[in-house]
$ cat work-v1.cif   # mmCIF, C-alpha atoms
data_run
#
loop_
_atom_site.label_atom_id
_atom_site.label_comp_id
_atom_site.auth_asym_id
_atom_site.auth_seq_id
_atom_site.Cartn_x
_atom_site.Cartn_y
_atom_site.Cartn_z
CA MET T 2 8.58 -74.97 -110.51
CA THR T 3 8.60 -72.48 -113.39
CA THR T 4 5.98 -69.88 -114.07
CA LYS T 5 3.34 -71.13 -116.46
CA ARG T 6 2.92 -69.23 -119.72
CA LEU T 7 -0.19 -68.86 -121.78
CA PRO T 8 -0.21 -70.98 -124.94
CA GLN T 9 0.96 -69.17 -128.05
CA SER T 10 -2.27 -70.18 -129.75
CA GLU T 11 -4.21 -67.97 -127.32
CA LEU T 12 -1.89 -64.99 -127.82
CA LYS T 13 -2.20 -65.42 -131.57
CA ARG T 14 -5.99 -65.51 -131.23
CA ARG T 15 -5.94 -62.25 -129.28
CA ARG T 16 -3.84 -60.53 -131.92
CA ARG T 17 -6.07 -61.90 -134.66
CA LEU T 18 -9.20 -60.59 -132.94
CA LEU T 19 -7.62 -57.17 -132.45
CA MET T 20 -6.51 -56.94 -136.07
CA ASP T 21 -9.95 -58.00 -137.29
CA MET T 22 -11.43 -55.09 -135.33
CA MET T 23 -8.79 -52.70 -136.67
CA GLY T 24 -9.50 -53.52 -140.31
CA ASP T 25 -7.35 -52.78 -143.34
CA ASN T 26 -5.02 -49.81 -143.75
CA ALA T 27 -4.33 -49.74 -140.02
CA ILE T 28 -1.35 -50.24 -137.73
CA ALA T 29 -1.18 -50.86 -133.98
CA ILE T 30 1.92 -49.87 -132.04
CA VAL T 31 2.41 -51.19 -128.52
CA PRO T 32 5.57 -50.30 -126.54
CA SER T 33 6.79 -52.30 -123.58
CA ALA T 34 7.12 -50.86 -120.10
CA ASN T 35 10.27 -48.97 -119.18
CA GLU T 36 12.75 -49.99 -116.53
CA LEU T 37 12.47 -47.66 -113.54
CA ILE T 38 15.31 -46.41 -111.36
CA ARG T 39 14.97 -47.15 -107.66
CA ASN T 40 18.09 -45.32 -106.56
CA ARG T 41 21.22 -44.31 -108.46
CA ASP T 42 22.03 -47.29 -110.74
CA VAL T 43 19.63 -49.77 -109.08
CA HIS T 44 16.35 -50.59 -110.81
CA TYR T 45 13.01 -51.64 -109.43
CA PRO T 46 12.09 -55.22 -110.37
CA PHE T 47 10.80 -55.01 -113.94
CA ARG T 48 7.10 -55.52 -114.52
CA GLN T 49 5.83 -55.60 -118.09
CA ASP T 50 3.13 -53.27 -119.41
CA SER T 51 -0.14 -55.16 -119.09
CA ASP T 52 -1.44 -54.42 -122.61
CA PHE T 53 1.92 -55.39 -124.12
CA MET T 54 1.92 -58.57 -122.02
CA TYR T 55 -1.65 -59.36 -123.04
CA LEU T 56 -0.78 -59.28 -126.74
CA THR T 57 2.74 -60.75 -126.71
CA ASP T 58 3.69 -62.29 -123.33
CA PHE T 59 7.15 -60.86 -124.15
CA PRO T 60 9.06 -60.37 -120.86
CA GLU T 61 11.66 -57.70 -121.65
CA PRO T 62 11.86 -53.89 -121.66
CA GLU T 63 13.05 -51.91 -124.69
CA ALA T 64 10.60 -53.64 -127.01
CA VAL T 65 7.82 -52.55 -129.35
CA ALA T 66 5.11 -54.75 -130.89
CA VAL T 67 3.61 -53.73 -134.22
CA LEU T 68 0.47 -55.24 -135.77
CA ILE T 69 -0.41 -54.59 -139.41
CA PRO T 70 -3.49 -56.47 -140.63
CA GLY T 71 -3.02 -57.98 -144.08
CA ARG T 72 0.70 -57.27 -144.41
CA GLU T 73 2.00 -59.91 -146.80
CA GLN T 74 5.45 -60.13 -145.21
CA GLY T 75 3.95 -60.79 -141.79
CA GLU T 76 1.37 -59.08 -139.61
CA PHE T 77 3.14 -59.27 -136.22
CA ILE T 78 6.48 -57.49 -136.01
CA MET T 79 8.64 -57.17 -132.91
CA PHE T 80 11.43 -54.73 -132.16
CA CYS T 81 13.58 -55.89 -129.24
CA ARG T 82 17.08 -55.97 -127.82
CA GLU T 83 19.71 -58.00 -129.61
CA ARG T 84 21.50 -60.89 -127.98
CA ASP T 85 24.67 -59.58 -126.33
CA VAL T 86 27.08 -61.98 -124.66
CA GLU T 87 28.75 -59.36 -122.46
CA LYS T 88 25.48 -57.79 -121.26
CA GLU T 89 23.95 -61.20 -120.68
CA ILE T 90 26.86 -62.05 -118.36
CA TRP T 91 26.03 -58.99 -116.26
CA ASN T 92 22.23 -58.87 -116.43
CA GLY T 93 20.85 -62.19 -117.66
CA TRP T 94 19.58 -63.81 -120.81
CA ARG T 95 17.90 -61.94 -123.64
CA VAL T 96 15.33 -63.28 -126.06
CA GLY T 97 16.78 -61.64 -129.17
CA GLN T 98 15.27 -61.51 -132.63
CA GLU T 99 15.38 -65.27 -133.23
CA GLY T 100 13.68 -65.95 -129.91
CA ALA T 101 11.00 -63.33 -130.60
CA VAL T 102 10.07 -65.34 -133.69
CA SER T 103 10.53 -68.89 -132.40
CA ASP T 104 9.27 -68.46 -128.83
CA TYR T 105 6.85 -65.52 -129.00
CA GLY T 106 5.20 -65.91 -132.38
CA ALA T 107 6.50 -62.82 -134.18
CA ASP T 108 6.44 -63.04 -137.97
CA ASP T 109 9.55 -60.88 -138.09
CA ALA T 110 11.80 -59.19 -135.54
CA PHE T 111 14.31 -56.36 -135.70
CA PRO T 112 16.81 -54.79 -133.28
CA ILE T 113 15.23 -52.01 -131.24
CA GLU T 114 18.07 -49.74 -132.36
CA ASP T 115 16.73 -49.95 -135.94
CA ILE T 116 13.21 -48.76 -135.13
CA ASP T 117 13.83 -45.17 -136.34
CA GLU T 118 14.76 -46.52 -139.78
CA ILE T 119 12.06 -49.16 -140.13
CA LEU T 120 8.89 -47.99 -138.35
CA PRO T 121 8.31 -44.84 -140.47
CA GLY T 122 8.17 -47.10 -143.51
CA LEU T 123 5.60 -49.30 -141.77
CA LEU T 124 3.51 -46.24 -140.90
CA GLU T 125 3.55 -45.07 -144.51
CA GLN T 126 0.41 -45.87 -146.52
CA GLN T 127 -1.55 -46.66 -143.35
CA LYS T 128 -4.61 -44.52 -142.74
CA ARG T 129 -5.15 -45.26 -139.05
CA VAL T 130 -2.79 -45.65 -136.11
CA TYR T 131 -3.99 -47.52 -133.01
CA TYR T 132 -1.89 -46.34 -130.10
CA THR T 133 -2.31 -45.42 -126.43
CA MET T 134 -1.20 -41.81 -126.19
CA GLY T 135 0.02 -40.44 -122.88
CA ARG T 136 1.22 -43.62 -121.18
CA TYR T 137 4.85 -43.31 -122.31
CA THR T 138 5.44 -39.66 -123.15
CA ALA T 139 8.94 -40.15 -124.56
CA PHE T 140 7.64 -42.72 -127.03
CA ASP T 141 4.70 -40.43 -127.86
CA GLY T 142 7.22 -37.87 -129.05
CA ARG T 143 9.07 -40.39 -131.19
CA LEU T 144 5.87 -41.56 -132.85
CA LEU T 145 4.83 -37.99 -133.64
CA ASP T 146 8.30 -37.32 -135.07
CA TRP T 147 7.94 -40.31 -137.42
CA VAL T 148 4.53 -39.13 -138.57
CA ASN T 149 5.80 -35.59 -139.10
CA GLN T 150 8.72 -36.92 -141.14
CA LEU T 151 6.24 -38.56 -143.48
CA ARG T 152 4.13 -35.42 -143.69
CA ALA T 153 7.19 -33.34 -144.52
CA ASN T 154 7.92 -35.61 -147.49
CA SER T 155 4.41 -35.61 -148.93
CA ARG T 156 5.65 -33.80 -152.06
CA ILE T 157 7.82 -36.75 -152.98
CA GLY T 158 4.95 -39.19 -152.67
CA ARG T 159 5.18 -40.26 -149.03
CA SER T 160 1.96 -40.30 -147.01
CA ALA T 161 1.24 -40.29 -143.30
CA PRO T 162 -1.65 -41.71 -141.29
CA HIS T 163 -4.39 -39.14 -140.77
CA GLN T 164 -6.27 -40.77 -137.91
CA PHE T 165 -5.11 -41.75 -134.41
CA ILE T 166 -7.36 -44.11 -132.42
CA ASP T 167 -6.92 -45.03 -128.76
CA LEU T 168 -5.75 -48.64 -128.67
CA GLU T 169 -7.15 -49.03 -125.15
CA PHE T 170 -10.68 -48.74 -126.50
CA LEU T 171 -10.33 -52.15 -128.14
CA VAL T 172 -7.77 -53.97 -125.99
CA HIS T 173 -9.31 -53.12 -122.62
CA ASP T 174 -12.68 -54.50 -123.61
CA MET T 175 -10.96 -57.69 -124.75
CA ARG T 176 -9.13 -57.98 -121.44
CA LEU T 177 -12.39 -57.71 -119.49
CA PHE T 178 -13.43 -61.22 -120.59
CA LYS T 179 -11.15 -63.94 -119.25
CA SER T 180 -10.48 -67.15 -121.16
CA ARG T 181 -10.20 -70.59 -119.55
CA SER T 182 -6.41 -70.27 -119.60
CA GLU T 183 -6.56 -66.90 -117.88
CA VAL T 184 -8.99 -68.18 -115.26
CA ALA T 185 -6.64 -71.08 -114.54
CA LEU T 186 -3.82 -68.64 -113.83
CA MET T 187 -6.07 -66.48 -111.64
CA ARG T 188 -7.30 -69.55 -109.77
CA ARG T 189 -3.66 -70.48 -109.11
CA ALA T 190 -2.91 -66.95 -107.84
CA ALA T 191 -5.93 -67.14 -105.54
CA GLU T 192 -4.87 -70.54 -104.21
CA VAL T 193 -1.48 -69.17 -103.23
CA SER T 194 -3.13 -66.17 -101.59
CA ILE T 195 -5.30 -68.53 -99.54
CA ARG T 196 -2.18 -70.30 -98.30
CA ALA T 197 -0.50 -67.01 -97.42
CA HIS T 198 -3.48 -65.70 -95.45
CA THR T 199 -3.90 -69.05 -93.71
CA ARG T 200 -0.24 -68.99 -92.70
CA ALA T 201 -0.66 -65.47 -91.33
CA MET T 202 -3.63 -66.53 -89.21
CA ARG T 203 -1.78 -69.55 -87.84
CA VAL T 204 1.37 -67.72 -86.78
CA CYS T 205 -0.15 -64.45 -85.53
CA ARG T 206 0.40 -63.74 -81.84
CA PRO T 207 0.33 -60.58 -79.69
CA GLY T 208 3.77 -58.98 -79.59
CA MET T 209 4.63 -59.79 -83.20
CA THR T 210 4.98 -56.95 -85.67
CA GLU T 211 3.07 -56.17 -88.83
CA TYR T 212 6.22 -56.64 -90.88
CA GLN T 213 6.79 -60.10 -89.41
CA ILE T 214 3.34 -61.14 -90.59
CA GLU T 215 4.06 -59.56 -93.97
CA ALA T 216 7.25 -61.63 -94.15
CA GLU T 217 5.24 -64.82 -93.70
CA ILE T 218 2.99 -63.75 -96.58
CA LEU T 219 5.91 -62.89 -98.87
CA HIS T 220 7.60 -66.17 -98.02
CA THR T 221 4.50 -68.08 -99.09
CA PHE T 222 4.24 -66.10 -102.32
CA ARG T 223 7.84 -66.68 -103.39
CA GLN T 224 7.82 -70.34 -102.37
CA ALA T 225 4.97 -70.84 -104.82
CA ASP T 226 6.65 -69.00 -107.75
CA THR T 227 4.41 -65.97 -107.36
CA GLU T 228 5.03 -62.38 -106.32
CA PRO T 229 2.93 -59.70 -104.64
CA ALA T 230 0.29 -58.30 -106.97
CA TYR T 231 0.48 -55.06 -104.96
CA PRO T 232 2.09 -53.82 -101.72
CA SER T 233 0.56 -55.85 -98.92
CA ILE T 234 -1.60 -54.10 -96.32
CA VAL T 235 -0.96 -55.50 -92.85
CA GLY T 236 -2.70 -53.17 -90.41
CA GLY T 237 -3.28 -53.91 -86.76
CA GLY T 238 -5.53 -51.97 -84.39
CA ILE T 239 -5.97 -48.35 -85.45
CA ASN T 240 -4.08 -49.10 -88.69
CA SER T 241 -6.90 -51.40 -89.79
CA CYS T 242 -8.99 -48.25 -90.28
CA ILE T 243 -6.54 -46.84 -92.89
CA LEU T 244 -7.72 -48.09 -96.26
CA HIS T 245 -4.35 -48.14 -98.04
CA TYR T 246 -2.03 -48.58 -95.07
CA THR T 247 1.32 -50.08 -96.18
CA ASP T 248 3.85 -48.96 -93.55
CA ASN T 249 3.48 -52.35 -91.84
CA CYS T 250 5.80 -51.29 -89.02
CA CYS T 251 3.83 -51.51 -85.77
CA GLU T 252 3.58 -54.04 -82.97
CA LEU T 253 0.44 -56.17 -82.84
CA ARG T 254 -1.36 -55.73 -79.54
CA ASP T 255 -3.48 -58.16 -77.58
CA GLY T 256 -7.16 -57.32 -78.12
CA ASP T 257 -6.71 -55.65 -81.52
CA LEU T 258 -7.88 -56.77 -84.94
CA LEU T 259 -5.46 -57.34 -87.82
CA LEU T 260 -6.58 -56.52 -91.36
CA ILE T 261 -4.53 -58.12 -94.15
CA ASP T 262 -5.09 -57.19 -97.79
CA ALA T 263 -2.59 -59.24 -99.80
CA GLY T 264 -2.73 -61.03 -103.11
CA ALA T 265 -0.34 -63.09 -105.20
CA GLU T 266 0.37 -62.48 -108.87
CA TYR T 267 1.00 -65.51 -111.05
CA SER T 268 2.22 -65.24 -114.62
CA GLY T 269 1.03 -61.62 -114.64
CA TYR T 270 -2.46 -62.32 -113.27
CA ALA T 271 -3.48 -60.90 -109.91
CA SER T 272 -5.48 -62.05 -106.95
CA ASP T 273 -6.77 -59.62 -104.35
CA VAL T 274 -7.85 -61.05 -101.01
CA THR T 275 -8.58 -59.48 -97.63
CA ARG T 276 -9.25 -61.03 -94.25
CA THR T 277 -9.61 -59.49 -90.81
CA PHE T 278 -9.03 -61.45 -87.62
CA PRO T 279 -8.18 -60.92 -83.93
CA VAL T 280 -4.50 -60.79 -83.03
CA ASN T 281 -5.10 -63.01 -79.99
CA GLY T 282 -7.39 -65.43 -81.82
CA ARG T 283 -10.67 -64.41 -80.16
CA PHE T 284 -13.09 -61.73 -81.32
CA SER T 285 -14.38 -59.35 -78.66
CA GLY T 286 -18.11 -58.60 -78.57
CA PRO T 287 -17.89 -55.28 -80.46
CA GLN T 288 -15.39 -56.72 -82.96
CA ARG T 289 -17.67 -59.67 -83.65
CA ALA T 290 -20.70 -57.41 -84.07
CA ILE T 291 -18.96 -55.28 -86.70
CA TYR T 292 -17.45 -58.32 -88.38
CA GLU T 293 -20.76 -60.14 -88.70
CA VAL T 294 -22.33 -57.10 -90.40
CA VAL T 295 -19.49 -56.93 -92.96
CA LEU T 296 -19.65 -60.68 -93.59
CA ALA T 297 -23.41 -60.55 -94.18
CA ALA T 298 -22.90 -57.63 -96.56
CA GLN T 299 -20.26 -59.54 -98.51
CA GLU T 300 -22.48 -62.60 -98.77
CA ALA T 301 -25.33 -60.43 -100.08
CA ALA T 302 -23.04 -58.79 -102.62
CA ILE T 303 -21.73 -62.14 -103.89
CA GLU T 304 -25.31 -63.38 -104.23
CA ASN T 305 -25.93 -60.43 -106.56
CA ALA T 306 -22.77 -60.89 -108.62
CA LEU T 307 -24.55 -62.86 -111.33
CA PRO T 308 -24.77 -62.80 -115.13
CA GLY T 309 -27.45 -60.40 -116.23
CA ARG T 310 -27.16 -58.19 -113.14
CA HIS T 311 -25.54 -54.81 -113.56
CA TRP T 312 -22.19 -53.81 -112.07
CA ASN T 313 -23.57 -51.78 -109.18
CA GLU T 314 -26.08 -54.34 -107.89
CA PRO T 315 -23.56 -56.12 -105.59
CA HIS T 316 -22.59 -52.72 -104.15
CA GLU T 317 -26.22 -51.75 -103.61
CA ALA T 318 -26.88 -55.06 -101.83
CA ALA T 319 -23.84 -54.54 -99.60
CA VAL T 320 -24.81 -50.97 -98.73
CA LYS T 321 -28.29 -52.09 -97.70
CA VAL T 322 -26.99 -54.78 -95.36
CA LEU T 323 -24.25 -52.55 -93.93
CA THR T 324 -26.68 -49.70 -93.25
CA GLU T 325 -29.24 -51.95 -91.59
CA GLY T 326 -26.49 -53.58 -89.55
CA LEU T 327 -25.07 -50.26 -88.39
CA ARG T 328 -28.55 -49.20 -87.36
CA ASP T 329 -29.20 -52.45 -85.51
CA ILE T 330 -26.05 -52.11 -83.38
CA GLY T 331 -26.73 -48.44 -82.69
CA LEU T 332 -24.09 -46.72 -84.82
CA LEU T 333 -26.74 -45.20 -87.09
CA ASN T 334 -30.23 -44.04 -86.21
CA GLY T 335 -33.31 -43.75 -88.41
CA ASP T 336 -35.00 -45.39 -91.36
CA ALA T 337 -32.57 -47.54 -93.37
CA ALA T 338 -33.85 -46.34 -96.74
CA GLN T 339 -33.46 -42.71 -95.69
CA LEU T 340 -30.00 -43.39 -94.26
CA ILE T 341 -28.99 -44.89 -97.60
CA GLU T 342 -30.46 -41.98 -99.56
CA ASP T 343 -28.60 -39.51 -97.32
CA GLU T 344 -25.42 -41.65 -97.60
CA ASP T 345 -24.98 -41.60 -93.83
CA TYR T 346 -23.26 -45.00 -94.05
CA LYS T 347 -20.27 -43.33 -95.77
CA LYS T 348 -18.95 -42.29 -92.38
CA PHE T 349 -18.07 -45.95 -91.91
CA PHE T 350 -17.99 -47.31 -95.49
CA MET T 351 -16.48 -44.88 -97.97
CA HIS T 352 -15.44 -47.02 -100.94
CA LYS T 353 -17.08 -49.17 -103.59
CA THR T 354 -17.67 -52.86 -103.01
CA GLY T 355 -15.32 -54.06 -105.74
CA HIS T 356 -13.40 -53.59 -108.96
CA TRP T 357 -12.38 -55.57 -112.03
CA LEU T 358 -9.47 -57.99 -111.57
CA GLY T 359 -7.02 -59.45 -114.08
CA LEU T 360 -3.57 -58.48 -115.33
CA ASP T 361 -3.94 -55.35 -113.23
CA VAL T 362 -5.19 -55.46 -109.65
CA HIS T 363 -7.60 -52.65 -110.50
CA ASP T 364 -8.11 -54.11 -113.93
CA VAL T 365 -9.23 -52.35 -117.07
CA GLY T 366 -12.77 -52.26 -118.42
CA ASP T 367 -15.56 -49.71 -118.36
CA TYR T 368 -17.95 -49.81 -115.41
CA LYS T 369 -20.60 -47.97 -117.40
CA VAL T 370 -21.64 -48.26 -121.04
CA ASP T 371 -23.61 -45.34 -122.52
CA GLU T 372 -24.20 -43.95 -119.02
CA ASP T 373 -25.69 -47.24 -117.76
CA TRP T 374 -24.00 -49.65 -115.35
CA ARG T 375 -22.35 -52.46 -117.27
CA ILE T 376 -24.15 -55.81 -117.30
CA LEU T 377 -22.15 -58.65 -115.74
CA GLU T 378 -21.30 -61.42 -118.21
CA PRO T 379 -19.53 -64.80 -118.04
CA GLY T 380 -15.76 -64.43 -118.04
CA MET T 381 -15.63 -61.22 -116.04
CA VAL T 382 -13.74 -61.30 -112.74
CA LEU T 383 -14.35 -58.81 -109.96
CA THR T 384 -13.55 -58.38 -106.30
CA VAL T 385 -16.24 -58.18 -103.63
CA GLU T 386 -14.90 -56.26 -100.63
CA PRO T 387 -17.27 -54.43 -98.30
CA GLY T 388 -15.85 -53.02 -95.10
CA LEU T 389 -16.55 -50.93 -92.02
CA TYR T 390 -13.98 -48.62 -90.49
CA MET T 391 -14.60 -46.96 -87.13
CA PRO T 392 -13.14 -43.43 -87.21
CA PRO T 393 -10.59 -43.48 -84.36
CA HIS T 394 -10.85 -39.76 -83.53
CA SER T 395 -14.63 -39.37 -83.74
CA ASN T 396 -15.82 -37.65 -80.58
CA ASP T 397 -19.30 -39.14 -80.82
CA LEU T 398 -18.10 -42.74 -81.15
CA ASP T 399 -18.22 -44.87 -78.02
CA GLU T 400 -14.79 -46.08 -76.94
CA ARG T 401 -15.67 -49.74 -77.41
CA TRP T 402 -16.09 -49.28 -81.17
CA ARG T 403 -12.83 -47.47 -81.79
CA HIS T 404 -9.85 -48.96 -83.64
CA ILE T 405 -12.10 -51.53 -85.34
CA GLY T 406 -11.54 -51.80 -89.06
CA VAL T 407 -12.97 -54.79 -90.93
CA ARG T 408 -12.79 -55.66 -94.63
CA ILE T 409 -13.53 -59.04 -96.21
CA GLU T 410 -12.57 -59.50 -99.85
CA ASP T 411 -12.82 -62.35 -102.33
CA ASP T 412 -12.26 -62.76 -106.06
CA VAL T 413 -15.40 -63.70 -107.99
CA LEU T 414 -15.65 -65.09 -111.52
CA ILE T 415 -18.95 -64.59 -113.32
CA THR T 416 -20.03 -67.87 -114.93
CA ARG T 417 -22.95 -68.97 -117.09
CA GLU T 418 -24.57 -70.62 -114.09
CA GLY T 419 -23.85 -67.86 -111.57
CA ASN T 420 -20.42 -67.26 -110.09
CA GLU T 421 -17.34 -68.97 -108.70
CA VAL T 422 -15.47 -67.54 -105.73
CA LEU T 423 -11.86 -68.12 -106.77
CA SER T 424 -10.61 -67.47 -103.24
CA ASP T 425 -13.16 -69.79 -101.64
CA GLY T 426 -11.62 -72.02 -99.00
CA LEU T 427 -10.05 -69.25 -96.94
CA PRO T 428 -11.96 -69.10 -93.62
CA LYS T 429 -14.09 -66.02 -93.04
CA LYS T 430 -16.75 -67.10 -90.57
CA VAL T 431 -15.96 -66.12 -87.00
CA ASP T 432 -16.00 -69.66 -85.62
CA ASP T 433 -13.82 -70.96 -88.47
CA ILE T 434 -11.23 -68.22 -87.99
CA GLU T 435 -11.06 -68.76 -84.26
CA ALA T 436 -10.75 -72.53 -84.72
CA LEU T 437 -7.92 -72.11 -87.26
CA MET T 438 -6.01 -69.75 -84.99
CA ALA T 439 -6.49 -72.02 -82.00
CA ASP T 440 -4.89 -74.90 -83.93
CA GLY T 441 -1.89 -72.67 -84.70
#
$ encode --input "work-v1.cif" --output "structure tokens"
Amino acid sequence: MTTKRLPQSELKRRRRLLMDMMGDNAIAIVPSANELIRNRDVHYPFRQDSDFMYLTDFPEPEAVAVLIPGREQGEFIMFCRERDVEKEIWNGWRVGQEGAVSDYGADDAFPIEDIDEILPGLLEQQKRVYYTMGRYTAFDGRLLDWVNQLRANSRIGRSAPHQFIDLEFLVHDMRLFKSRSEVALMRRAAEVSIRAHTRAMRVCRPGMTEYQIEAEILHTFRQADTEPAYPSIVGGGINSCILHYTDNCCELRDGDLLLIDAGAEYSGYASDVTRTFPVNGRFSGPQRAIYEVVLAAQEAAIENALPGRHWNEPHEAAVKVLTEGLRDIGLLNGDAAQLIEDEDYKKFFMHKTGHWLGLDVHDVGDYKVDEDWRILEPGMVLTVEPGLYMPPHSNDLDERWRHIGVRIEDDVLITREGNEVLSDGLPKKVDDIEALMADG
């Protein structure tokens, strides 16, 4: 199986839409991500910059995409590495200039080594530069040097752009709305995540280690031509109460819960899924009580993740259910409305109920527009992930509640009719989880 790519027609449409918003006398400059050193001369696995990927799907470092609306010689220009037989023997194939044109839709392509000679001429006569300043500081300096070169030669008729506009302002709003092709990739990523979590539930036994469960998840990801969208959280017992626990090094004990937050990335698009289940396959009474409150909160949040609702409504619904549930089982006391107003629930639930999802796990897109919560619209994808975490060192917490951390997370697409849970099919009801683990 090979990783599926988006059709070039869609990438071309994205670039066309961006250039239409830019208007005439404008240029957009988008550098690729840099390779990062892991240790000495060993690199981390390369992952492309998400904005660069969104506009080009080009897979290599040392590349720069340039968009110039209305340029007669071609509006989409790519600077990239040249083909090099010797380097390809050591490090793998390169796309090269011909491939940038034939396979990635560039109108023209030049060696990256020639950018200092060519790009200043492309900047000349343009009034506005669309660029994300601050992401790659070394490239920031090069761009400013090119502009200053033009300014220094104004007496001989050269002109420099006089306005810099944040490219993210346009591109990130575009990325917030997923096309059918993007949803198909995200649905595939979610399907693989379902398989990985299911495998983890089936094999989990007391005495195993967190890293052994993580290995089962990674095996499933790679078998399906995906990779982790983020470092997997595999936290048993007290570690389930650590929100971003990634050590994954401890033994799984009989009677503890195991919280797994792990998602596959497919063709650049992420899934983000969390399940919590008992290491021995059977929930204890306190574990089940906490779990049922979180599950009810998640169901209420998903019911409020609808077109026309605002971003915070799913969170508000989850908070209401969590607070009432904590009160009902005796972990909070008082009127639910007052407890919510006083934010007493934050002792046990200290994060938001979700985030945008897409090319980035915590994907781009404003959560508020003009100080108001953003209205949910078809094509948006968000996570829904309420949780409760019992503080392990709280002196006023009864022993039976300690070491219980529960989070349940699914990926939700907003549709015209309502929503679609992309990660639906992965058990999350208590009886279903226990039945799956009993089957082994």
$ residues_around --input "work-v1.cif" --residues "Gly309 (chain T)" --least-positions-apart "4" --cutoff "9 Å" --atoms "all atoms listed in the file" --output "mmCIF file with C-alpha atoms, in the coordinates of the input"
data_model
loop_
_atom_site.group_PDB
_atom_site.id
_atom_site.type_symbol
_atom_site.label_atom_id
_atom_site.label_comp_id
_atom_site.auth_asym_id
_atom_site.auth_seq_id
_atom_site.Cartn_x
_atom_site.Cartn_y
_atom_site.Cartn_z
ATOM 1 C CA ILE T 376 -24.150 -55.810 -117.300
ATOM 2 C CA LEU T 377 -22.150 -58.650 -115.740
ATOM 3 C CA GLU T 378 -21.300 -61.420 -118.210
#
$ atom_distance --input "work-v1.cif" --atom1 "CA of Ile405 (chain T)" --atom2 "CA of Tyr390 (chain T)"
6.2 Å
$ residues_around --input "work-v1.cif" --residues "Gly97 (chain T)" --least-positions-apart "2" --cutoff "6 Å" --atoms "only C-alpha atoms" --output "PDB file with C-alpha atoms, in the coordinates of the input"
ATOM      1  CA  ARG T  82      17.080 -55.970-127.820  1.00  0.00           C
ATOM      2  CA  GLU T  83      19.710 -58.000-129.610  1.00  0.00           C
ATOM      3  CA  ARG T  84      21.500 -60.890-127.980  1.00  0.00           C
ATOM      4  CA  ARG T  95      17.900 -61.940-123.640  1.00  0.00           C
ATOM      5  CA  GLU T  99      15.380 -65.270-133.230  1.00  0.00           C
ATOM      6  CA  GLY T 100      13.680 -65.950-129.910  1.00  0.00           C
TER       7      GLY T 100
END
$ closest_residue --input "work-v1.cif" --among "T:Glu266, T:Asp248, T:Asp397, T:Glu317" --to "Arg223 (chain T)" --atoms "only C-alpha atoms"
T:Glu266
$ resolve_selection --input "work-v1.cif" --expression "the PyMOL selection byres ((chain T and resi 263) around 8)" --output "PyMOL selection string"
chain T and resi 194+198+218+229-234+261-262+264-265+273-275
$ closest_atom_pairs --input "work-v1.cif" --of "region 215-307 of chain T" --to "region 409-417 of chain T" --cutoff "8 Å" --atoms "all atoms listed in the file" --output "CSV"
residue,atom,partner,partner_atom,distance
T:Ser272,CA,T:Asp412,CA,6.9
T:Asp273,CA,T:Asp412,CA,6.6
T:Val274,CA,T:Glu410,CA,5.1
T:Thr275,CA,T:Glu410,CA,4.6
T:Arg276,CA,T:Ile409,CA,5.1
T:Thr277,CA,T:Ile409,CA,6.7
T:Val295,CA,T:Ile409,CA,7.1
T:Leu296,CA,T:Ile409,CA,6.9
T:Gln299,CA,T:Ile409,CA,7.1
T:Ile303,CA,T:Val413,CA,7.7
T:Ala306,CA,T:Ile415,CA,7.1
T:Leu307,CA,T:Ile415,CA,6.2
$ build_atoms --input "work-v1.cif" --residues "region 161-169 of chain T" --atoms "N, CA and C atoms" --output "compact mmCIF listing (two decimals), keeping the file's coordinate frame"
# COMPACT_ATOMS: atom_id res chain seq x y z
N ALA T 161 1.28 -40.01 -144.74
CA ALA T 161 1.24 -40.29 -143.30
C ALA T 161 -0.18 -40.64 -142.88
N PRO T 162 -0.31 -41.43 -141.81
CA PRO T 162 -1.65 -41.71 -141.29
C PRO T 162 -2.35 -40.40 -140.89
N HIS T 163 -3.65 -40.36 -141.09
CA HIS T 163 -4.39 -39.14 -140.77
C HIS T 163 -5.35 -39.33 -139.60
N GLN T 164 -5.35 -40.53 -139.01
CA GLN T 164 -6.27 -40.77 -137.91
C GLN T 164 -5.58 -41.56 -136.81
N PHE T 165 -5.64 -41.05 -135.58
CA PHE T 165 -5.11 -41.75 -134.41
C PHE T 165 -6.30 -42.23 -133.56
N ILE T 166 -6.28 -43.51 -133.20
CA ILE T 166 -7.36 -44.11 -132.42
C ILE T 166 -6.76 -44.73 -131.16
N ASP T 167 -7.41 -44.51 -130.03
CA ASP T 167 -6.92 -45.03 -128.76
C ASP T 167 -6.98 -46.55 -128.76
N LEU T 168 -5.82 -47.19 -128.67
CA LEU T 168 -5.75 -48.64 -128.67
C LEU T 168 -6.49 -49.25 -127.48
N GLU T 169 -6.48 -48.52 -126.35
CA GLU T 169 -7.15 -49.03 -125.15
C GLU T 169 -8.63 -49.33 -125.39
